[in-house]
Amino acid sequence: MNTKLHKTAFINSLIVTLALLLGACSNSSKSSTASVKKDLNWMQTSEITTLDPSLPMDTASESQIVDSNEGLFRYGSHSKLEKALVKSEKISRDGLTRTYILRKSKWSNGQPLTAQDFVYGWKRTVNPKTGSQYGYLFSGIKNADAIVNGKRSSQTLGVKAVGKHKLVVSFKKEFLILISY
């Protein structure tokens, strides 16, 4: 696999992981006129300590968050990465900036999901005051390591919302990842 393709696949995998930390979202769809009650029941082996996507430190909480959230991307059949909340993606020539246009989606309470929701969630997770164990997942994003280490403000994280549905993510130049899935 060539390096550029490998890097693109990895970055998309990283975005999937990061996006899962955001919160419970669902794609918007027109509701039918018929009301249908649907129940989903499953068991956990231990108590869920939190549903805050920045704070889980146990597998029960982590699995509930992953199972009840939608990210920018998801793994489809045959572990193929596919768009989830992303409608389209643009990568800059140097590969350091990615622009995501989000699908129109809603939170579980009916409020619209916006690019600013991702910005807020990601900045909150890297902020040392939050106490998240997952700040390292943002390591490839511009300024993330300095923020996690308390050397910069979380407001300098390389992520911004442009309007309601455009999310722009800037990566640092030394973007080297050694993670296997």
# chains A, B, ... in the order shown; residues from 1 in each chain; ligands from 1

call {"tool": "residues_around", "arguments": {"residues": "segment 38-43 of chain A", "least_positions_apart": "5", "cutoff": "12 Å", "atoms": "only C-alpha atoms", "output": "compact mmCIF listing (two decimals) with C-alpha atoms, in the first residue's frame"}}
result
# COMPACT_ATOMS: atom_id res chain seq x y z
CA ILE A 48 -21.87 2.22 33.71
CA ALA A 60 -18.90 -0.77 30.28
CA SER A 63 -18.98 0.34 25.03
CA GLN A 64 -22.25 2.16 25.78
CA ASP A 67 -22.82 1.73 20.75
CA SER A 68 -25.06 4.79 21.09

call {"tool": "select_by_dssp", "arguments": {"residues": "segment 56-181 of chain A", "states": "strand (DSSP E)", "output": "ChimeraX atom specification"}}
result
/A:73-75,81-83,86-91,97-102,105-107,159-162,166-170

call {"tool": "write_last_selection", "arguments": {"atoms": "N, CA and C atoms", "output": "JSON list (two decimals), in the first residue's frame"}}
result
[["chain", "number", "residue", "atom", "x", "y", "z"],
["A", 73, "PHE", "N", -17.15, 9.16, 10.60],
["A", 73, "PHE", "CA", -17.01, 7.96, 9.76],
["A", 73, "PHE", "C", -17.35, 6.74, 10.60],
["A", 74, "ARG", "N", -17.58, 5.62, 9.94],
["A", 74, "ARG", "CA", -17.81, 4.35, 10.63],
["A", 74, "ARG", "C", -17.24, 3.23, 9.77],
["A", 75, "TYR", "N", -17.05, 2.10, 10.39],
["A", 75, "TYR", "CA", -16.63, 0.93, 9.65],
["A", 75, "TYR", "C", -17.86, 0.20, 9.14],
["A", 81, "LEU", "N", -13.96, 1.65, 5.69],
["A", 81, "LEU", "CA", -14.32, 2.93, 6.23],
["A", 81, "LEU", "C", -15.33, 3.61, 5.31],
["A", 82, "GLU", "N", -16.44, 4.10, 5.90],
["A", 82, "GLU", "CA", -17.46, 4.77, 5.11],
["A", 82, "GLU", "C", -17.94, 6.02, 5.84],
["A", 83, "LYS", "N", -18.53, 6.94, 5.10],
["A", 83, "LYS", "CA", -19.03, 8.18, 5.68],
["A", 83, "LYS", "C", -20.22, 7.89, 6.57],
["A", 86, "VAL", "N", -20.51, 12.55, 7.89],
["A", 86, "VAL", "CA", -19.88, 13.35, 6.85],
["A", 86, "VAL", "C", -20.62, 13.17, 5.53],
["A", 87, "LYS", "N", -20.97, 14.29, 4.92],
["A", 87, "LYS", "CA", -21.60, 14.27, 3.60],
["A", 87, "LYS", "C", -20.51, 14.27, 2.52],
["A", 88, "SER", "N", -19.49, 15.13, 2.73],
["A", 88, "SER", "CA", -18.37, 15.17, 1.79],
["A", 88, "SER", "C", -17.10, 15.58, 2.53],
["A", 89, "GLU", "N", -15.96, 15.30, 1.91],
["A", 89, "GLU", "CA", -14.66, 15.56, 2.52],
["A", 89, "GLU", "C", -13.73, 16.14, 1.47],
["A", 90, "LYS", "N", -12.95, 17.16, 1.86],
["A", 90, "LYS", "CA", -11.95, 17.74, 0.97],
["A", 90, "LYS", "C", -10.62, 17.76, 1.72],
["A", 91, "ILE", "N", -9.57, 17.29, 1.04],
["A", 91, "ILE", "CA", -8.24, 17.25, 1.63],
["A", 91, "ILE", "C", -7.36, 18.25, 0.89],
["A", 97, "THR", "N", -4.80, 19.75, 5.97],
["A", 97, "THR", "CA", -6.11, 20.30, 6.31],
["A", 97, "THR", "C", -7.20, 19.46, 5.67],
["A", 98, "ARG", "N", -8.18, 19.11, 6.47],
["A", 98, "ARG", "CA", -9.33, 18.35, 5.98],
["A", 98, "ARG", "C", -10.59, 19.13, 6.30],
["A", 99, "THR", "N", -11.43, 19.26, 5.30],
["A", 99, "THR", "CA", -12.70, 19.97, 5.47],
["A", 99, "THR", "C", -13.82, 18.97, 5.30],
["A", 100, "TYR", "N", -14.68, 18.90, 6.29],
["A", 100, "TYR", "CA", -15.80, 17.97, 6.28],
["A", 100, "TYR", "C", -17.10, 18.75, 6.22],
["A", 101, "ILE", "N", -17.95, 18.40, 5.27],
["A", 101, "ILE", "CA", -19.30, 18.94, 5.22],
["A", 101, "ILE", "C", -20.19, 17.88, 5.90],
["A", 102, "LEU", "N", -20.90, 18.30, 6.93],
["A", 102, "LEU", "CA", -21.71, 17.38, 7.71],
["A", 102, "LEU", "C", -23.12, 17.23, 7.14],
["A", 105, "SER", "N", -28.20, 16.51, 10.65],
["A", 105, "SER", "CA", -28.47, 15.49, 11.66],
["A", 105, "SER", "C", -28.99, 16.16, 12.91],
["A", 106, "LYS", "N", -29.53, 15.35, 13.80],
["A", 106, "LYS", "CA", -30.07, 15.87, 15.05],
["A", 106, "LYS", "C", -29.55, 15.06, 16.23],
["A", 107, "TRP", "N", -29.45, 15.75, 17.36],
["A", 107, "TRP", "CA", -29.16, 15.09, 18.62],
["A", 107, "TRP", "C", -30.40, 14.30, 19.03],
["A", 159, "VAL", "N", -8.97, 22.96, 15.04],
["A", 159, "VAL", "CA", -10.30, 22.58, 14.57],
["A", 159, "VAL", "C", -11.19, 23.80, 14.64],
["A", 160, "LYS", "N", -12.00, 24.02, 13.59],
["A", 160, "LYS", "CA", -12.91, 25.16, 13.61],
["A", 160, "LYS", "C", -14.17, 24.85, 12.82],
["A", 161, "ALA", "N", -15.23, 25.52, 13.22],
["A", 161, "ALA", "CA", -16.51, 25.41, 12.52],
["A", 161, "ALA", "C", -16.63, 26.62, 11.60],
["A", 162, "VAL", "N", -17.00, 26.36, 10.36],
["A", 162, "VAL", "CA", -17.26, 27.43, 9.40],
["A", 162, "VAL", "C", -18.73, 27.28, 9.01],
["A", 166, "LYS", "N", -19.86, 22.93, 8.28],
["A", 166, "LYS", "CA", -18.50, 22.75, 7.76],
["A", 166, "LYS", "C", -17.52, 22.70, 8.92],
["A", 167, "LEU", "N", -16.80, 21.58, 9.01],
["A", 167, "LEU", "CA", -15.80, 21.36, 10.05],
["A", 167, "LEU", "C", -14.43, 21.30, 9.38],
["A", 168, "VAL", "N", -13.50, 22.16, 9.83],
["A", 168, "VAL", "CA", -12.16, 22.21, 9.26],
["A", 168, "VAL", "C", -11.16, 21.76, 10.32],
["A", 169, "VAL", "N", -10.36, 20.74, 9.99],
["A", 169, "VAL", "CA", -9.38, 20.19, 10.92],
["A", 169, "VAL", "C", -7.99, 20.37, 10.34],
["A", 170, "SER", "N", -7.10, 21.00, 11.12],
["A", 170, "SER", "CA", -5.71, 21.22, 10.70],
["A", 170, "SER", "C", -4.80, 20.28, 11.47]]

call {"tool": "atom_distance", "arguments": {"atom1": "atom CA of Asn69 of chain A", "atom2": "atom CA of Ile141 of chain A"}}
result
21.8 Å

call {"tool": "atom_distance", "arguments": {"atom1": "atom CA of Leu85 of chain A", "atom2": "atom CA of Asn109 of chain A"}}
result
17.0 Å

call {"tool": "closest_residue", "arguments": {"among": "A:Lys142, A:Lys172, A:Lys164, A:Arg93", "to": "Lys123 of chain A", "atoms": "only C-alpha atoms"}}
result
A:Lys142

call {"tool": "residues_around", "arguments": {"residues": "Leu51 of chain A", "least_positions_apart": "4", "cutoff": "8 Å", "atoms": "only C-alpha atoms", "output": "list in words"}}
result
Leu55, Pro56, Ser61, Glu62, Gln64 and Ile65 of chain A

call {"tool": "write_last_selection", "arguments": {"atoms": "N, CA and C atoms", "output": "mmCIF file, in the first residue's frame"}}
result
data_model
loop_
_atom_site.group_PDB
_atom_site.id
_atom_site.type_symbol
_atom_site.label_atom_id
_atom_site.label_comp_id
_atom_site.auth_asym_id
_atom_site.auth_seq_id
_atom_site.Cartn_x
_atom_site.Cartn_y
_atom_site.Cartn_z
ATOM 1 N N LEU A 55 -14.936 11.242 29.410
ATOM 2 C CA LEU A 55 -14.506 10.764 30.723
ATOM 3 C C LEU A 55 -14.531 9.274 31.013
ATOM 4 N N PRO A 56 -14.980 8.393 30.153
ATOM 5 C CA PRO A 56 -15.047 6.989 30.580
ATOM 6 C C PRO A 56 -13.667 6.405 30.852
ATOM 7 N N SER A 61 -18.788 1.662 30.312
ATOM 8 C CA SER A 61 -19.142 3.008 29.851
ATOM 9 C C SER A 61 -18.683 3.232 28.417
ATOM 10 N N GLU A 62 -17.456 2.833 28.113
ATOM 11 C CA GLU A 62 -16.930 3.013 26.763
ATOM 12 C C GLU A 62 -17.782 2.302 25.727
ATOM 13 N N GLN A 64 -20.959 1.484 25.913
ATOM 14 C CA GLN A 64 -22.254 2.157 25.781
ATOM 15 C C GLN A 64 -22.135 3.419 24.933
ATOM 16 N N ILE A 65 -21.074 4.180 25.127
ATOM 17 C CA ILE A 65 -20.864 5.405 24.361
ATOM 18 C C ILE A 65 -20.658 5.067 22.889
#

call {"tool": "atom_distance", "arguments": {"atom1": "atom CA of Gly121 of chain A", "atom2": "atom CA of Gly71 of chain A"}}
result
12.2 Å

call {"tool": "closest_residue", "arguments": {"among": "A:Gln116, A:Ser54, A:Ser108, A:Asn143", "to": "Lys129 of chain A", "atoms": "only C-alpha atoms"}}
result
A:Ser54
